[in-house]
Amino acid sequence: MSKALRPQDSTGLLFRRVYDYIIDRIEREEWKAHDKLPSVRLLAKEFHIHRLTVLRAYQTLKQNGIVYAREKSGYYVSGNPFGGDTGSNDRTNTRLSVPAYLRNHLGDIHRVSPTYNFSQALIDPTLLPNLFLSEYVKQVFDSYPKLLGTYSSVQGDDELRELLSRYFLRKHRFLAPSAEIMITTGAQQAIDLLSRVYLRPMDWILMERPTYSAAIDIFRQQGARFLPVDIHPDGYDLEQVETLMIRHKPRLFYMNPTFHNPTGYTVPTVQRKQLVELAEQNGCLIVEDDAFHDIYFDAPPPLFSFDTEGWVVYLRSFSKYVAPGLRICAAVAQPSVMEPLVTAKSLSDNGTPLVNQKLFLRCFESARLQQHLEKLRTALLIRRDTMERALAETGWSWGIPQGGLNLWLRLPAELSVDALLAECFRHSVSFVPGIICDPLRKLESRIRLSYSFANEEQIRIGIGKLAALARSVREFER
């Protein structure tokens with residue numbers, strides 16, 4: 001699609017979504033020349049938006065020569081939708097089109113490199129076992145002298161998958177043969193692969209509200225429609241979940257039920273069993289993202305532990321507390337789900353780097369890693385408490401997480417989070433605005449502060465700056 005034909009002045013995401021949805025279907029030749037297009041009423045109902053929004057998209061498409069209207073009949077694909085009006089008959093230009101909703105809001109924030117970094121849910125590199133890891137580098141290359149001269153298998157290194165299979169049986173008492181484990185380059189790649197394999201435009205999916213911002217952007221890119229499920233300190237409203245599953249037949253439920261990002265909540269065991277039963281009854285695939293399981297205290301068993309029919313995909317990321325740069329995640333699923341994911345992985349990168357997997361394999365087996373974990377939990381607990389003490393004078397509210405890396409705060413309603421974030425960037429402070437963690441984009445008074453990346457002194461000074469900037473923004477807006 002010629003860039004000139006993309007609407008440049010849209011007032012909202014919904015108009016762009018409708019416009020791009022129609023364009024993409026025409027480009028893929030699902031709708032051909034002179035085919036009748038869905039009515040304004042039908043698209044408005046499908047997208048759950050006002051008919052005027054759909055009408056505006058159709059009128060813009062008509063102005064650009066992509067569709068035409070027949071009185072009292074509706075809209076149709078033009079005879080040459082990408083021809084004369086573009087100044088070229090070369091349809092190659094259409095392949096360079098970029099959907100307006102292709103965004104990574106969290107990535108935009110992470111492009112800033114502040115002195116006081118409260119937006120990165122990563123662990124301070126000084127807390128990681130760097131010397132410990134470096135000792136293994138030479139051992140790995142001595143043991144595998146041809147390591148850099150070969151690829152990993154697409155599904156992941158055999159040794160590592162066997163090790164993780166034994167680990168899951170010992171740790172969580174669930175059976176996950178190595179054939180049902182795939183190593184991905186971080187959990188985010190696994191989420192992306194799942195979205196590409198199992199979602200089609202306009203599919204319904206259940207998502208926690210709030211949730212991991214990048215997951216929202218990944219699923220939105222596939223054209224999914226969101227059914228938000230509020231998460232509370234005691235879990236979900238299961239009656240709401242059941243009603244949504246029965247009414248909308250969602251394709252999947254993406255969740256982060258253990259030390260949830262961003263709230264820190266943990267869904268209780270009894271609900272985990274019930275959620276798996278609901279998924280089985282309604283044919284809804286659960287995607288369980290478990291990135292923080294080993295950070296802090298014992299956690300309930302994964303939902304995957306209760307799955308007997310293959311309706312749960314378990315994503316277990318280990319990188320955060322060992323070496324984030326290794327980007328190691330295990331995706332666990334039964335064969336019917338795993339096989340198409342392996343194919344998608346082969347098309348994505350043909351396998352996670354083998355060096356990373358072998359390094360992780362060596363250090364994960366060691367007793368020293370468990371000692372490191374104990375020290376890390378203590379250090380993170382101290383940083384969490386330091387941040388809470390620094391926030392005590394602000395009057396803001398938050399829950400006390402028992403795991404994970406974040407505090408989820410509520411600011412005064414009259415304080416503009418957008419204005420605060422802009423001022424913070426100017427003064428080298430960062431945080432994550434809650435609105436990008438919300439599928440509905442309405443949590444305007446919430447922010448996420450990560451206490452894991454900054455040291456204690458940076459936390460004290462940075463939170464002081466944040467509070468002072470919040471006061472100045474509030475005074476300016478009065």
# chains A, B, ... in the order shown; residues from 1 in each chain; ligands from 1
>>> closest_atom_pairs(of="range 329-417 of chain A", to="range 266-269 of chain A", cutoff="9 Å", atoms="only C-alpha atoms", output="JSON lines")
{"residue": "A:Pro401", "atom": "CA", "partner": "A:Thr266", "partner_atom": "CA", "distance": 8.9}
{"residue": "A:Gln402", "atom": "CA", "partner": "A:Thr266", "partner_atom": "CA", "distance": 8.4}
{"residue": "A:Gly403", "atom": "CA", "partner": "A:Thr266", "partner_atom": "CA", "distance": 8.6}
>>> residues_around(residues="range 385-391 of chain A", least_positions_apart="5", cutoff="12 Å", atoms="only C-alpha atoms", output="ChimeraX atom specification")
/A:118,378-380,396-402,405-411,449-468
>>> select_by_dssp(residues="range 25-249 of chain A", states="helix (DSSP H, G or I)", output="VMD selection string")
chain A and resid 25 to 27 40 to 47 51 to 63 84 to 86 91 to 96 105 to 110 125 to 127 130 to 143 147 to 149 158 to 172 178 to 180 187 to 198 213 to 221 238 to 248
>>> residues_around(residues="range 440-443 of chain A", least_positions_apart="5", cutoff="9 Å", atoms="only C-alpha atoms", output="PDB file with C-alpha atoms, in the first residue's frame")
ATOM      1  CA  ARG A 209      -6.446  -5.989  33.317  1.00  0.00           C
ATOM      2  CA  PRO A 210      -3.798  -4.678  33.793  1.00  0.00           C
ATOM      3  CA  PHE A 226      -9.713  -7.998  23.939  1.00  0.00           C
ATOM      4  CA  PRO A 228     -10.445  -7.726  29.852  1.00  0.00           C
ATOM      5  CA  PRO A 433       2.370   4.546  32.779  1.00  0.00           C
ATOM      6  CA  GLY A 434      -0.481   2.217  33.699  1.00  0.00           C
ATOM      7  CA  ILE A 435      -2.479   3.061  30.585  1.00  0.00           C
TER       8      ILE A 435
END
>>> residues_around(residues="Phe306 in chain A", least_positions_apart="4", cutoff="8 Å", atoms="only C-alpha atoms", output="short mmCIF file (atom, residue, chain, number, x, y, z; two decimals) with N, CA and C atoms, in the first residue's frame")
data_model
loop_
_atom_site.label_atom_id
_atom_site.label_comp_id
_atom_site.auth_asym_id
_atom_site.auth_seq_id
_atom_site.Cartn_x
_atom_site.Cartn_y
_atom_site.Cartn_z
N ARG A 272 -6.74 -21.84 40.21
CA ARG A 272 -5.96 -22.39 39.10
C ARG A 272 -6.61 -23.67 38.57
N LYS A 273 -7.03 -24.52 39.48
CA LYS A 273 -7.71 -25.74 39.06
C LYS A 273 -9.00 -25.42 38.31
N VAL A 276 -8.41 -24.08 34.70
CA VAL A 276 -8.09 -25.14 33.74
C VAL A 276 -9.36 -25.88 33.34
N PRO A 302 2.10 -24.16 39.01
CA PRO A 302 1.57 -23.57 37.78
C PRO A 302 0.22 -24.18 37.39
#
>>> closest_atom_pairs(of="range 266-379 of chain A", to="range 130-138 of chain A", cutoff="9 Å", atoms="only C-alpha atoms", output="JSON lines")
{"residue": "A:Val322", "atom": "CA", "partner": "A:Leu133", "partner_atom": "CA", "distance": 8.7}
{"residue": "A:Ala323", "atom": "CA", "partner": "A:Asn130", "partner_atom": "CA", "distance": 8.1}
{"residue": "A:Leu359", "atom": "CA", "partner": "A:Val137", "partner_atom": "CA", "distance": 6.7}
{"residue": "A:Phe360", "atom": "CA", "partner": "A:Leu133", "partner_atom": "CA", "distance": 8.7}
{"residue": "A:Arg362", "atom": "CA", "partner": "A:Tyr136", "partner_atom": "CA", "distance": 6.9}
{"residue": "A:Cys363", "atom": "CA", "partner": "A:Leu133", "partner_atom": "CA", "distance": 6.8}
{"residue": "A:Arg368", "atom": "CA", "partner": "A:Phe132", "partner_atom": "CA", "distance": 8.3}
{"residue": "A:Leu369", "atom": "CA", "partner": "A:Phe132", "partner_atom": "CA", "distance": 8.8}
>>> select_by_dssp(residues="range 61-229 of chain A", states="strand (DSSP E or B)", output="list in words")
Val67, Tyr68, Ala69, Arg70, Gly74, Tyr75, Tyr76, Val77, Tyr116, Asn117, Ile181, Met182, Ile183, Thr184, Thr185, Trp204, Ile205, Leu206, Met207, Glu208, Arg209, Arg225, Phe226, Leu227, Pro228 and Val229 of chain A
>>> residues_around(residues="Pro324 in chain A", least_positions_apart="4", cutoff="9 Å", atoms="only C-alpha atoms", output="JSON, numbers by chain")
{"A": [122, 123, 125, 186, 318, 319, 320, 328]}
>>> residues_around(residues="Ala33 in chain A", least_positions_apart="3", cutoff="7 Å", atoms="only C-alpha atoms", output="PyMOL selection string")
chain A and resi 77-80
>>> closest_atom_pairs(of="range 90-204 of chain A", to="range 254-263 of chain A", cutoff="12 Å", atoms="only C-alpha atoms", output="Markdown table")
| residue | atom | partner | partner_atom | distance |
| --- | --- | --- | --- | --- |
| A:Ser119 | CA | A:Pro262 | CA | 10.9 |
| A:Gln120 | CA | A:Pro262 | CA | 11.5 |
| A:Ala121 | CA | A:Asn261 | CA | 8.9 |
| A:Ala187 | CA | A:Asn256 | CA | 11.5 |
| A:Ala190 | CA | A:Tyr254 | CA | 11.9 |
| A:Ile191 | CA | A:Tyr254 | CA | 8.9 |
| A:Asp192 | CA | A:Tyr254 | CA | 11.8 |
| A:Leu194 | CA | A:Tyr254 | CA | 10.3 |
| A:Ser195 | CA | A:Tyr254 | CA | 10.2 |
| A:Trp204 | CA | A:Tyr254 | CA | 11.4 |
>>> atom_distance(atom1="CA of Glu444 in chain A", atom2="CA of Ala422 in chain A")
14.6 Å
>>> residues_around(residues="Arg471 in chain A", least_positions_apart="6", cutoff="10 Å", atoms="only C-alpha atoms", output="ChimeraX atom specification")
/A:394,415,420,465
>>> write_last_selection(atoms="N, CA, C and O atoms", output="PDB file, in the first residue's frame")
ATOM      1  N   THR A 394       4.455  10.390  50.065  1.00  0.00           N
ATOM      2  CA  THR A 394       3.740  10.899  48.893  1.00  0.00           C
ATOM      3  C   THR A 394       2.234  10.881  49.067  1.00  0.00           C
ATOM      4  O   THR A 394       1.514  11.638  48.413  1.00  0.00           O
ATOM      5  N   LEU A 415      -3.764  14.345  38.881  1.00  0.00           N
ATOM      6  CA  LEU A 415      -2.386  14.416  38.411  1.00  0.00           C
ATOM      7  C   LEU A 415      -2.272  13.757  37.034  1.00  0.00           C
ATOM      8  O   LEU A 415      -2.599  12.584  36.874  1.00  0.00           O
ATOM      9  N   LEU A 420       3.499  14.081  33.854  1.00  0.00           N
ATOM     10  CA  LEU A 420       4.525  13.647  34.807  1.00  0.00           C
ATOM     11  C   LEU A 420       5.618  12.860  34.104  1.00  0.00           C
ATOM     12  O   LEU A 420       6.816  13.068  34.362  1.00  0.00           O
ATOM     13  N   LYS A 465      12.998  12.634  43.512  1.00  0.00           N
ATOM     14  CA  LYS A 465      12.804  13.447  42.308  1.00  0.00           C
ATOM     15  C   LYS A 465      11.408  13.241  41.729  1.00  0.00           C
ATOM     16  O   LYS A 465      10.729  14.200  41.327  1.00  0.00           O
TER      17      LYS A 465
END
>>> atom_distance(atom1="CA of Tyr236 in chain A", atom2="CA of Trp311 in chain A")
18.7 Å
